[in-house]
Structure formats: structure tokens, C-alpha cells
file target-v6.pdb (PDB, C-alpha atoms)
MODEL        1
ATOM      1  CA  LEU A  25      -9.331 -23.697 -16.812
ATOM      2  CA  ASP A  26      -6.519 -22.098 -18.820
ATOM      3  CA  PHE A  27      -6.716 -23.478 -22.378
ATOM      4  CA  GLU A  28      -3.900 -21.258 -23.628
ATOM      5  CA  ASN A  29      -1.366 -22.742 -21.192
ATOM      6  CA  ASP A  30      -3.034 -26.166 -20.938
ATOM      7  CA  ARG A  31      -3.568 -25.656 -17.215
ATOM      8  CA  TRP A  32      -6.462 -26.612 -14.990
ATOM      9  CA  SER A  33      -7.232 -26.652 -11.267
ATOM     10  CA  LEU A  34     -10.179 -27.660  -9.126
ATOM     11  CA  LEU A  35     -11.084 -26.546  -5.612
ATOM     12  CA  LEU A  36     -13.942 -28.321  -3.875
ATOM     13  CA  GLY A  37     -15.402 -27.351  -0.518
ATOM     14  CA  VAL A  38     -16.931 -29.986   1.748
ATOM     15  CA  ASN A  39     -19.646 -29.194   4.287
ATOM     16  CA  VAL A  40     -21.834 -32.148   5.208
ATOM     17  CA  ASP A  41     -24.166 -32.155   8.218
ATOM     18  CA  LEU A  42     -25.600 -35.458   9.446
ATOM     19  CA  SER A  43     -29.056 -34.024  10.103
ATOM     20  CA  LYS A  44     -29.244 -32.595   6.562
ATOM     21  CA  VAL A  45     -28.069 -35.845   4.996
ATOM     22  CA  THR A  46     -30.714 -37.850   6.829
ATOM     23  CA  GLY A  47     -33.336 -35.168   6.158
ATOM     24  CA  THR A  48     -34.597 -35.079   9.727
ATOM     25  CA  ASP A  49     -35.297 -32.333  12.261
ATOM     26  CA  SER A  50     -34.455 -34.550  15.214
ATOM     27  CA  LYS A  51     -32.835 -32.595  18.034
ATOM     28  CA  MET A  52     -30.647 -35.610  18.749
ATOM     29  CA  LEU A  53     -29.076 -35.542  15.275
ATOM     30  CA  LYS A  54     -29.000 -31.784  14.781
ATOM     31  CA  GLY A  55     -25.420 -30.630  15.218
ATOM     32  CA  LEU A  56     -24.300 -34.124  16.236
ATOM     33  CA  ALA A  57     -21.811 -34.693  13.413
ATOM     34  CA  ALA A  58     -20.436 -32.654  10.549
ATOM     35  CA  LEU A  59     -17.739 -33.130   7.916
ATOM     36  CA  THR A  60     -15.934 -30.068   6.543
ATOM     37  CA  GLY A  61     -12.798 -29.311   4.559
ATOM     38  CA  THR A  62     -11.437 -28.625   1.087
ATOM     39  CA  LEU A  63     -10.097 -30.727  -1.776
ATOM     40  CA  TYR A  64      -7.730 -29.378  -4.434
ATOM     41  CA  ALA A  65      -6.267 -30.802  -7.631
ATOM     42  CA  GLY A  66      -4.263 -29.238 -10.450
ATOM     43  CA  ASN A  67      -1.945 -30.202 -13.294
ATOM     44  CA  LYS A  68       0.730 -27.448 -13.449
ATOM     45  CA  PRO A  69       2.329 -28.237 -11.136
ATOM     46  CA  ALA A  70       0.728 -31.636 -10.627
ATOM     47  CA  THR A  71      -0.826 -31.325  -7.184
ATOM     48  CA  PHE A  72      -3.411 -33.096  -5.058
ATOM     49  CA  ALA A  73      -4.373 -31.804  -1.636
ATOM     50  CA  ILE A  74      -6.859 -32.629   1.085
ATOM     51  CA  GLY A  75      -6.742 -29.344   2.968
ATOM     52  CA  GLN A  76      -3.657 -27.146   3.296
ATOM     53  CA  LEU A  77      -0.985 -27.962   5.887
ATOM     54  CA  ASN A  78      -0.492 -24.315   6.879
ATOM     55  CA  ASP A  79      -4.239 -23.789   7.420
ATOM     56  CA  PRO A  80      -5.836 -26.393   9.741
ATOM     57  CA  SER A  81      -9.286 -24.853   9.144
ATOM     58  CA  THR A  82      -9.182 -26.379   5.621
ATOM     59  CA  TRP A  83      -8.333 -29.924   6.764
ATOM     60  CA  LEU A  84     -10.919 -32.619   6.205
ATOM     61  CA  THR A  85     -12.513 -32.583   9.647
ATOM     62  CA  LEU A  86     -15.088 -34.792  11.304
ATOM     63  CA  ARG A  87     -16.642 -33.039  14.283
ATOM     64  CA  ILE A  88     -18.984 -34.820  16.701
ATOM     65  CA  ARG A  89     -20.820 -32.990  19.491
ATOM     66  CA  LYS A  90     -23.065 -34.447  22.163
ATOM     67  CA  SER A  91     -24.841 -33.038  25.211
ATOM     68  CA  PHE A  92     -26.469 -35.064  27.951
ATOM     69  CA  LEU A  93     -27.766 -34.018  31.386
ATOM     70  CA  GLY A  94     -25.808 -30.773  31.350
ATOM     71  CA  LEU A  95     -22.594 -32.435  30.209
ATOM     72  CA  LYS A  96     -21.045 -31.561  26.854
ATOM     73  CA  ALA A  97     -18.452 -33.423  24.819
ATOM     74  CA  GLU A  98     -16.807 -32.832  21.463
ATOM     75  CA  VAL A  99     -14.615 -35.117  19.361
ATOM     76  CA  ILE A 100     -12.591 -33.838  16.400
ATOM     77  CA  VAL A 101     -10.724 -35.927  13.838
ATOM     78  CA  ALA A 102      -8.892 -33.921  11.162
ATOM     79  CA  PHE A 103      -6.692 -35.085   8.294
ATOM     80  CA  CYS A 104      -4.582 -33.343   5.667
ATOM     81  CA  LEU A 105      -2.575 -34.643   2.711
ATOM     82  CA  GLN A 106      -0.591 -32.681   0.131
ATOM     83  CA  ILE A 107       1.197 -34.347  -2.787
ATOM     84  CA  ALA A 108       3.123 -32.646  -5.574
ATOM     85  CA  GLY A 109       4.027 -34.669  -8.650
ATOM     86  CA  ASN A 110       7.436 -35.129 -10.256
ATOM     87  CA  ASN A 111       9.032 -36.095  -6.934
ATOM     88  CA  GLY A 112       7.933 -32.802  -5.395
ATOM     89  CA  PRO A 113       7.249 -32.135  -1.713
ATOM     90  CA  ARG A 114       4.737 -34.278   0.140
ATOM     91  CA  GLY A 115       3.186 -33.726   3.530
ATOM     92  CA  MET A 116       0.442 -34.963   5.823
ATOM     93  CA  GLY A 117      -1.192 -33.919   9.051
ATOM     94  CA  LEU A 118      -3.408 -35.575  11.642
ATOM     95  CA  LEU A 119      -5.287 -34.084  14.580
ATOM     96  CA  LEU A 120      -7.277 -35.930  17.255
ATOM     97  CA  SER A 121      -9.066 -33.905  19.907
ATOM     98  CA  LEU A 122     -11.440 -34.672  22.772
ATOM     99  CA  LYS A 123     -12.878 -32.060  25.104
ATOM    100  CA  GLY A 124     -15.831 -31.790  27.397
ATOM    101  CA  GLY A 125     -17.187 -30.441  30.614
ATOM    102  CA  GLY A 126     -20.275 -29.568  32.557
ATOM    103  CA  SER A 127     -21.787 -28.355  35.794
ATOM    104  CA  VAL A 128     -21.954 -30.477  38.947
ATOM    105  CA  GLY A 129     -24.010 -28.307  41.281
ATOM    106  CA  ILE A 130     -21.284 -26.670  43.348
ATOM    107  CA  GLY A 131     -19.189 -25.776  40.309
ATOM    108  CA  LYS A 132     -18.083 -26.965  36.919
ATOM    109  CA  PHE A 133     -15.256 -28.881  35.328
ATOM    110  CA  GLN A 134     -13.537 -29.006  31.939
ATOM    111  CA  PHE A 135     -11.121 -31.468  30.377
ATOM    112  CA  TYR A 136      -9.363 -31.862  27.061
ATOM    113  CA  ALA A 137      -6.867 -34.077  25.253
ATOM    114  CA  THR A 138      -5.230 -33.301  21.897
ATOM    115  CA  PHE A 139      -2.839 -35.253  19.691
ATOM    116  CA  GLY A 140      -1.284 -33.752  16.575
ATOM    117  CA  LEU A 141       1.148 -34.905  13.909
ATOM    118  CA  MET A 142       2.628 -33.146  10.897
ATOM    119  CA  ALA A 143       5.198 -34.734   8.586
ATOM    120  CA  GLY A 144       6.667 -33.721   5.266
ATOM    121  CA  VAL A 145       9.269 -34.807   2.725
ATOM    122  CA  TRP A 146      10.784 -32.549   0.119
ATOM    123  CA  GLY A 147      13.533 -32.652  -2.474
ATOM    124  CA  ASN A 148      14.154 -34.989  -5.368
ATOM    125  CA  GLU A 149      16.166 -38.136  -4.615
ATOM    126  CA  ALA A 150      16.989 -36.762  -1.162
ATOM    127  CA  ALA A 151      15.385 -38.178   1.969
ATOM    128  CA  VAL A 152      15.120 -34.890   3.876
ATOM    129  CA  SER A 153      11.991 -34.723   6.004
ATOM    130  CA  GLY A 154      10.405 -32.805   8.852
ATOM    131  CA  LEU A 155       8.280 -34.147  11.695
ATOM    132  CA  VAL A 156       6.311 -32.527  14.517
ATOM    133  CA  VAL A 157       4.347 -34.584  17.070
ATOM    134  CA  PHE A 158       2.612 -33.238  20.164
ATOM    135  CA  LEU A 159       0.284 -34.467  22.888
ATOM    136  CA  GLU A 160      -1.522 -32.247  25.384
ATOM    137  CA  ILE A 161      -3.843 -33.223  28.246
ATOM    138  CA  GLY A 162      -5.438 -30.957  30.813
ATOM    139  CA  PHE A 163      -8.359 -30.264  33.112
ATOM    140  CA  ARG A 164      -9.812 -27.351  35.048
ATOM    141  CA  ILE A 165     -12.170 -27.334  38.059
ATOM    142  CA  LYS A 166     -14.098 -24.357  39.412
ATOM    143  CA  VAL A 167     -15.673 -24.841  42.865
ATOM    144  CA  PHE A 168     -18.469 -22.500  43.984
ATOM    145  CA  TYR A 169     -17.661 -20.615  40.762
ATOM    146  CA  VAL A 170     -14.872 -18.792  42.630
ATOM    147  CA  PHE A 171     -11.978 -21.177  43.341
ATOM    148  CA  ASN A 172     -10.111 -22.450  40.304
ATOM    149  CA  PHE A 173      -7.741 -25.358  40.017
ATOM    150  CA  GLY A 174      -6.316 -26.993  36.945
ATOM    151  CA  ALA A 175      -3.363 -28.809  35.463
ATOM    152  CA  SER A 176      -2.029 -29.552  32.013
ATOM    153  CA  ILE A 177       0.892 -31.340  30.425
ATOM    154  CA  LYS A 178       2.159 -30.955  26.869
ATOM    155  CA  GLY A 179       4.882 -32.958  25.173
ATOM    156  CA  THR A 180       6.396 -32.086  21.795
ATOM    157  CA  PHE A 181       8.872 -33.834  19.518
ATOM    158  CA  GLU A 182      10.394 -32.150  16.459
ATOM    159  CA  GLN A 183      12.838 -33.531  13.928
ATOM    160  CA  LEU A 184      14.459 -32.163  10.800
ATOM    161  CA  GLY A 185      16.502 -34.906   9.157
ATOM    162  CA  PRO A 186      17.341 -37.782   9.081
ATOM    163  CA  THR A 187      20.436 -36.738   7.113
ATOM    164  CA  GLN A 188      23.059 -34.578   8.785
ATOM    165  CA  PRO A 189      22.593 -32.161  10.391
ATOM    166  CA  ASN A 190      19.882 -34.144  12.173
ATOM    167  CA  TYR A 191      17.987 -31.663  14.341
ATOM    168  CA  ARG A 192      15.827 -33.098  17.139
ATOM    169  CA  ARG A 193      13.982 -31.367  19.939
ATOM    170  CA  LEU A 194      12.044 -32.955  22.792
ATOM    171  CA  SER A 195      10.157 -30.756  25.240
ATOM    172  CA  CYS A 196       7.639 -31.135  28.040
ATOM    173  CA  VAL A 197       5.720 -28.434  29.888
ATOM    174  CA  VAL A 198       3.651 -29.062  33.035
ATOM    175  CA  ARG A 199       1.404 -26.277  34.322
ATOM    176  CA  ILE A 200      -0.529 -26.222  37.573
ATOM    177  CA  GLU A 201      -3.200 -23.548  37.992
ATOM    178  CA  THR A 202      -3.915 -22.679  41.611
ATOM    179  CA  PRO A 203      -6.534 -20.469  43.320
ATOM    180  CA  TRP A 204      -6.047 -16.731  42.944
ATOM    181  CA  TRP A 205      -4.169 -16.291  46.234
ATOM    182  CA  LEU A 206      -1.447 -18.759  45.182
ATOM    183  CA  PRO A 207       0.948 -18.453  42.223
ATOM    184  CA  ASP A 208       0.656 -20.815  39.284
ATOM    185  CA  VAL A 209       3.464 -23.341  38.901
ATOM    186  CA  THR A 210       5.194 -24.338  35.642
ATOM    187  CA  PHE A 211       7.793 -27.054  35.080
ATOM    188  CA  ARG A 212       9.739 -27.225  31.811
ATOM    189  CA  PHE A 213      12.012 -29.833  30.289
ATOM    190  CA  GLU A 214      13.779 -29.527  26.946
ATOM    191  CA  ARG A 215      16.439 -31.522  25.155
ATOM    192  CA  VAL A 216      17.871 -30.374  21.815
ATOM    193  CA  SER A 217      20.208 -32.265  19.498
ATOM    194  CA  ASP A 218      22.051 -30.300  16.808
ATOM    195  CA  THR A 219      20.571 -27.128  15.269
ATOM    196  CA  GLN A 220      18.123 -26.346  12.479
ATOM    197  CA  GLN A 221      20.158 -25.875   9.301
ATOM    198  CA  PRO A 222      17.870 -26.670   6.339
ATOM    199  CA  GLU A 223      20.206 -24.831   3.969
ATOM    200  CA  LEU A 224      22.864 -27.521   4.589
ATOM    201  CA  MET A 225      20.588 -30.474   3.881
ATOM    202  CA  PRO A 226      20.559 -32.279   0.517
ATOM    203  CA  ALA A 227      17.060 -31.106  -0.384
ATOM    204  CA  VAL A 228      17.874 -31.143  -4.119
ATOM    205  CA  SER A 229      19.998 -33.464  -6.186
ATOM    206  CA  THR A 230      23.244 -32.137  -7.624
ATOM    207  CA  PRO A 231      22.870 -31.742 -11.405
ATOM    208  CA  LEU A 232      26.540 -32.431 -12.213
ATOM    209  CA  VAL A 233      29.271 -33.783  -9.958
ATOM    210  CA  THR A 234      32.067 -34.490 -12.415
ATOM    211  CA  ALA A 235      32.628 -34.672 -16.151
ATOM    212  CA  GLY A 236      35.215 -36.001 -18.578
ATOM    213  CA  ALA A 237      35.845 -36.495 -22.260
ATOM    214  CA  LEU A 238      37.710 -38.940 -24.492
ATOM    215  CA  GLN A 239      39.051 -38.174 -27.955
TER     216      GLN A 239
ENDMDL
END
call {"tool": "encode", "arguments": {"input": "target-v6.pdb", "output": "C-alpha cells"}}
result
Amino acid sequence: LDFENDRWSLLLGVNVDLSKVTGTDSKMLKGLAALTGTLYAGNKPATFAIGQLNDPSTWLTLRIRKSFLGLKAEVIVAFCLQIAGNNGPRGMGLLLSLKGGGSVGIGKFQFYATFGLMAGVWGNEAAVSGLVVFLEIGFRIKVFYVFNFGASIKGTFEQLGPTQPNYRRLSCVVRIETPWWLPDVTFRFERVSDTQQPELMPAVSTPLVTAGALQ
């Protein structure tokens, strides 16, 4: 609190564990689910935020872990929202992740899938915005704990627009991991439209375009 400048801000940390909420020592519930993140609010400038976009560790995150017969799985759902008043910048983020693995006698395997989205709008009356979306899927197998094989694919879409210049980038990367005596293989695809020029975008409204006077 700043009474002299009539300013206040509040930062709240969230850390909730399912086993603590239910008040049980059950091994099944211990570590099964947890909710973490931060919440922020202030008046100068007027701001409300669920996490910080540039720091995913502060996003409001639900994490679920489960183990069964030597197999492990983890699900993560994370969300972020930042809003500034007076037509200020606004942004949001979303992350969905699934990963798991385990041992199968002669070796072990791992798999994962991740989806992410970040979007933001800034400026006054302008409609300038940024968008990043990605999806990644992969797996890895180790046989006799010596021979490795794996593959992954990641697709990304970026946009800075929609006003001119409207920058867009679409990329895809495919990786194949082979045993140690063979080289790994990587395929890449990328398509770019225009270039990133945020300084040329109408991110702020022009205060005065023309003027005249009558006598």
C-alpha cells in the first residue's frame, strides 16, 4: 500500500495439494494433484494477472501425477491471463502437456505430447496482436538399455498482425533418433510471409492528424 500516491498492489501465491486439502495420508492421493501459481492485482496502472506471460513457472497450473505397475504418467494444464486497464495490453497463455513412460522388462519407453498457445493485443484503438501456437509429440524406446530409438515432430505457427505488415511463420521439424551407430535424421519445413516490423504497426493511436480554425 502507498497511501501518499494512492497506489496499492496485491500478489497472492497459490499452492494447493489434494492430499493436504482432504487431510489424508493416503499414498494414492499423496502427490496425485496440485494447483500452483500466482495472482496479481494493482491500481496504478490498473492491472490484473493470473501468472506472468514471460514466466511460465508462475502460471496457474494443475499438475496430476499417477503411477501404476511401474508405469508413470503426468498431466499438466497451465493458464495465464494479463489485463491492463485503460485499453492497455492484454495477453493470455495456455499449456497442455501429457507425458509418461515405464519399464517393460527388456527396456523402457517414454512418450510426450505438448500443446501451447500465447496471444496478446496491445495499443489503444489499434488491433495489433501477436500469436504463437505450437504442438509437439514424441516418443523414445530403449531396448536392453543399450539401443535407443525415438521420433518427434513439432509444428509452430507465429503471427504478428493482422494489420500490415502481417508477419506469419509456419514451421515443422521432424527428428528421428537412431541407435548410436547410425546418424540421427532431421527434416525441416518453414514458410515465412513478410517480416517482423513491429515499429511500423499502428500500436498507438495518432493524437492529432489535422487541424483547422475559423475566424
call {"tool": "closest_residue", "arguments": {"input": "target-v6.pdb", "among": "A:Val167, A:Leu59, A:Ala102, A:Leu159", "to": "A:Asn39", "atoms": "all atoms listed in the file"}}
result
A:Leu59
call {"tool": "closest_residue", "arguments": {"input": "target-v6.pdb", "among": "A:Val157, A:Leu95, A:Leu35, A:Val216", "to": "A:Leu63", "atoms": "all atoms listed in the file"}}
result
A:Leu35
call {"tool": "closest_atom_pairs", "arguments": {"input": "target-v6.pdb", "of": "stretch 137-199 of chain A", "to": "stretch 108-128 of chain A", "cutoff": "10 Å", "atoms": "all atoms listed in the file", "output": "JSON lines"}}
result
{"residue": "A:Ala137", "atom": "CA", "partner": "A:Leu122", "partner_atom": "CA", "distance": 5.2}
{"residue": "A:Thr138", "atom": "CA", "partner": "A:Ser121", "partner_atom": "CA", "distance": 4.4}
{"residue": "A:Phe139", "atom": "CA", "partner": "A:Leu120", "partner_atom": "CA", "distance": 5.1}
{"residue": "A:Gly140", "atom": "CA", "partner": "A:Leu119", "partner_atom": "CA", "distance": 4.5}
{"residue": "A:Leu141", "atom": "CA", "partner": "A:Leu118", "partner_atom": "CA", "distance": 5.1}
{"residue": "A:Met142", "atom": "CA", "partner": "A:Gly117", "partner_atom": "CA", "distance": 4.3}
{"residue": "A:Ala143", "atom": "CA", "partner": "A:Met116", "partner_atom": "CA", "distance": 5.5}
{"residue": "A:Gly144", "atom": "CA", "partner": "A:Gly115", "partner_atom": "CA", "distance": 3.9}
{"residue": "A:Val145", "atom": "CA", "partner": "A:Arg114", "partner_atom": "CA", "distance": 5.2}
{"residue": "A:Trp146", "atom": "CA", "partner": "A:Pro113", "partner_atom": "CA", "distance": 4.0}
{"residue": "A:Gly147", "atom": "CA", "partner": "A:Gly112", "partner_atom": "CA", "distance": 6.3}
{"residue": "A:Asn148", "atom": "CA", "partner": "A:Asn111", "partner_atom": "CA", "distance": 5.5}
{"residue": "A:Glu149", "atom": "CA", "partner": "A:Asn111", "partner_atom": "CA", "distance": 7.8}
{"residue": "A:Ala150", "atom": "CA", "partner": "A:Asn111", "partner_atom": "CA", "distance": 9.9}
{"residue": "A:Ser153", "atom": "CA", "partner": "A:Gly115", "partner_atom": "CA", "distance": 9.2}
{"residue": "A:Gly154", "atom": "CA", "partner": "A:Gly115", "partner_atom": "CA", "distance": 9.0}
{"residue": "A:Leu155", "atom": "CA", "partner": "A:Gly115", "partner_atom": "CA", "distance": 9.6}
{"residue": "A:Val156", "atom": "CA", "partner": "A:Gly117", "partner_atom": "CA", "distance": 9.4}
{"residue": "A:Val157", "atom": "CA", "partner": "A:Leu118", "partner_atom": "CA", "distance": 9.5}
{"residue": "A:Phe158", "atom": "CA", "partner": "A:Leu119", "partner_atom": "CA", "distance": 9.7}
{"residue": "A:Leu159", "atom": "CA", "partner": "A:Leu120", "partner_atom": "CA", "distance": 9.5}
{"residue": "A:Glu160", "atom": "CA", "partner": "A:Ser121", "partner_atom": "CA", "distance": 9.5}
{"residue": "A:Ile161", "atom": "CA", "partner": "A:Leu122", "partner_atom": "CA", "distance": 9.5}
{"residue": "A:Gly162", "atom": "CA", "partner": "A:Lys123", "partner_atom": "CA", "distance": 9.4}
{"residue": "A:Phe163", "atom": "CA", "partner": "A:Gly125", "partner_atom": "CA", "distance": 9.2}
{"residue": "A:Arg164", "atom": "CA", "partner": "A:Gly125", "partner_atom": "CA", "distance": 9.1}
{"residue": "A:Ile165", "atom": "CA", "partner": "A:Gly125", "partner_atom": "CA", "distance": 9.5}
{"residue": "A:Lys166", "atom": "CA", "partner": "A:Ser127", "partner_atom": "CA", "distance": 9.4}
{"residue": "A:Val167", "atom": "CA", "partner": "A:Val128", "partner_atom": "CA", "distance": 9.3}
call {"tool": "resolve_selection", "arguments": {"input": "target-v6.pdb", "expression": "the PyMOL selection byres ((chain A and resi 192-194) around 9)", "output": "list in words"}}
result
Gly179, Thr180, Phe181, Glu182, Gln183, Leu184, Gly185, Asn190, Tyr191, Ser195, Cys196, Phe213, Glu214, Arg215, Val216, Ser217, Asp218, Thr219 and Gln220 of chain A
call {"tool": "atom_distance", "arguments": {"input": "target-v6.pdb", "atom1": "atom CA of A:Leu56", "atom2": "atom CA of A:Gly131"}}
result
26.0 Å
call {"tool": "residues_around", "arguments": {"input": "target-v6.pdb", "residues": "A:Leu34", "least_positions_apart": "3", "cutoff": "7 Å", "atoms": "all atoms listed in the file", "output": "list in words"}}
result
Tyr64, Ala65 and Gly66 of chain A
call {"tool": "closest_residue", "arguments": {"input": "target-v6.pdb", "among": "A:Gln106, A:Thr210, A:Ser176, A:Ser91", "to": "A:Phe135", "atoms": "all atoms listed in the file"}}
result
A:Ser176
call {"tool": "atom_distance", "arguments": {"input": "target-v6.pdb", "atom1": "atom CA of A:Trp83", "atom2": "atom CA of A:Phe103"}}
result
5.6 Å
call {"tool": "atom_distance", "arguments": {"input": "target-v6.pdb", "atom1": "atom CA of A:Thr85", "atom2": "atom CA of A:Ala70"}}
result
24.2 Å
call {"tool": "build_atoms", "arguments": {"input": "target-v6.pdb", "residues": "stretch 70-85 of chain A", "atoms": "N, CA, C and O atoms", "output": "PDB file, in the coordinates of the input"}}
result
ATOM      1  N   ALA A  70       1.623 -30.545 -11.004  1.00  0.00           N
ATOM      2  CA  ALA A  70       0.728 -31.636 -10.627  1.00  0.00           C
ATOM      3  C   ALA A  70       0.597 -31.687  -9.114  1.00  0.00           C
ATOM      4  O   ALA A  70       1.568 -31.916  -8.403  1.00  0.00           O
ATOM      5  N   THR A  71      -0.611 -31.445  -8.629  1.00  0.00           N
ATOM      6  CA  THR A  71      -0.826 -31.325  -7.184  1.00  0.00           C
ATOM      7  C   THR A  71      -2.166 -31.930  -6.803  1.00  0.00           C
ATOM      8  O   THR A  71      -3.159 -31.778  -7.520  1.00  0.00           O
ATOM      9  N   PHE A  72      -2.172 -32.619  -5.665  1.00  0.00           N
ATOM     10  CA  PHE A  72      -3.411 -33.096  -5.058  1.00  0.00           C
ATOM     11  C   PHE A  72      -3.345 -32.786  -3.571  1.00  0.00           C
ATOM     12  O   PHE A  72      -2.332 -33.050  -2.930  1.00  0.00           O
ATOM     13  N   ALA A  73      -4.408 -32.208  -3.040  1.00  0.00           N
ATOM     14  CA  ALA A  73      -4.373 -31.804  -1.636  1.00  0.00           C
ATOM     15  C   ALA A  73      -5.732 -31.992  -0.982  1.00  0.00           C
ATOM     16  O   ALA A  73      -6.761 -31.621  -1.550  1.00  0.00           O
ATOM     17  N   ILE A  74      -5.693 -32.585   0.198  1.00  0.00           N
ATOM     18  CA  ILE A  74      -6.859 -32.629   1.085  1.00  0.00           C
ATOM     19  C   ILE A  74      -6.562 -31.627   2.185  1.00  0.00           C
ATOM     20  O   ILE A  74      -5.822 -31.910   3.120  1.00  0.00           O
ATOM     21  N   GLY A  75      -7.086 -30.420   2.057  1.00  0.00           N
ATOM     22  CA  GLY A  75      -6.742 -29.344   2.968  1.00  0.00           C
ATOM     23  C   GLY A  75      -5.370 -28.766   2.655  1.00  0.00           C
ATOM     24  O   GLY A  75      -4.676 -29.215   1.723  1.00  0.00           O
ATOM     25  N   GLN A  76      -4.967 -27.776   3.423  1.00  0.00           N
ATOM     26  CA  GLN A  76      -3.657 -27.146   3.296  1.00  0.00           C
ATOM     27  C   GLN A  76      -2.943 -27.239   4.643  1.00  0.00           C
ATOM     28  O   GLN A  76      -3.509 -26.877   5.683  1.00  0.00           O
ATOM     29  N   LEU A  77      -1.699 -27.720   4.634  1.00  0.00           N
ATOM     30  CA  LEU A  77      -0.985 -27.962   5.887  1.00  0.00           C
ATOM     31  C   LEU A  77      -0.868 -26.706   6.741  1.00  0.00           C
ATOM     32  O   LEU A  77      -0.937 -26.776   7.969  1.00  0.00           O
ATOM     33  N   ASN A  78      -0.675 -25.544   6.108  1.00  0.00           N
ATOM     34  CA  ASN A  78      -0.492 -24.315   6.879  1.00  0.00           C
ATOM     35  C   ASN A  78      -1.801 -23.678   7.313  1.00  0.00           C
ATOM     36  O   ASN A  78      -1.795 -22.607   7.920  1.00  0.00           O
ATOM     37  N   ASP A  79      -2.939 -24.325   7.024  1.00  0.00           N
ATOM     38  CA  ASP A  79      -4.239 -23.789   7.420  1.00  0.00           C
ATOM     39  C   ASP A  79      -5.124 -24.931   7.920  1.00  0.00           C
ATOM     40  O   ASP A  79      -5.881 -25.519   7.152  1.00  0.00           O
ATOM     41  N   PRO A  80      -5.053 -25.266   9.207  1.00  0.00           N
ATOM     42  CA  PRO A  80      -5.836 -26.393   9.741  1.00  0.00           C
ATOM     43  C   PRO A  80      -7.343 -26.248   9.546  1.00  0.00           C
ATOM     44  O   PRO A  80      -8.054 -27.259   9.574  1.00  0.00           O
ATOM     45  N   SER A  81      -7.847 -25.024   9.340  1.00  0.00           N
ATOM     46  CA  SER A  81      -9.286 -24.853   9.144  1.00  0.00           C
ATOM     47  C   SER A  81      -9.750 -25.468   7.821  1.00  0.00           C
ATOM     48  O   SER A  81     -10.952 -25.683   7.632  1.00  0.00           O
ATOM     49  N   THR A  82      -8.824 -25.766   6.906  1.00  0.00           N
ATOM     50  CA  THR A  82      -9.182 -26.379   5.621  1.00  0.00           C
ATOM     51  C   THR A  82      -9.039 -27.893   5.632  1.00  0.00           C
ATOM     52  O   THR A  82      -9.391 -28.546   4.642  1.00  0.00           O
ATOM     53  N   TRP A  83      -8.513 -28.471   6.702  1.00  0.00           N
ATOM     54  CA  TRP A  83      -8.333 -29.924   6.764  1.00  0.00           C
ATOM     55  C   TRP A  83      -9.696 -30.620   6.710  1.00  0.00           C
ATOM     56  O   TRP A  83     -10.724 -30.063   7.128  1.00  0.00           O
ATOM     57  N   LEU A  84      -9.699 -31.819   6.204  1.00  0.00           N
ATOM     58  CA  LEU A  84     -10.919 -32.619   6.205  1.00  0.00           C
ATOM     59  C   LEU A  84     -11.203 -33.033   7.648  1.00  0.00           C
ATOM     60  O   LEU A  84     -10.460 -33.820   8.241  1.00  0.00           O
ATOM     61  N   THR A  85     -12.274 -32.481   8.204  1.00  0.00           N
ATOM     62  CA  THR A  85     -12.513 -32.583   9.647  1.00  0.00           C
ATOM     63  C   THR A  85     -13.867 -33.186   9.942  1.00  0.00           C
ATOM     64  O   THR A  85     -14.892 -32.729   9.417  1.00  0.00           O
TER      65      THR A  85
END
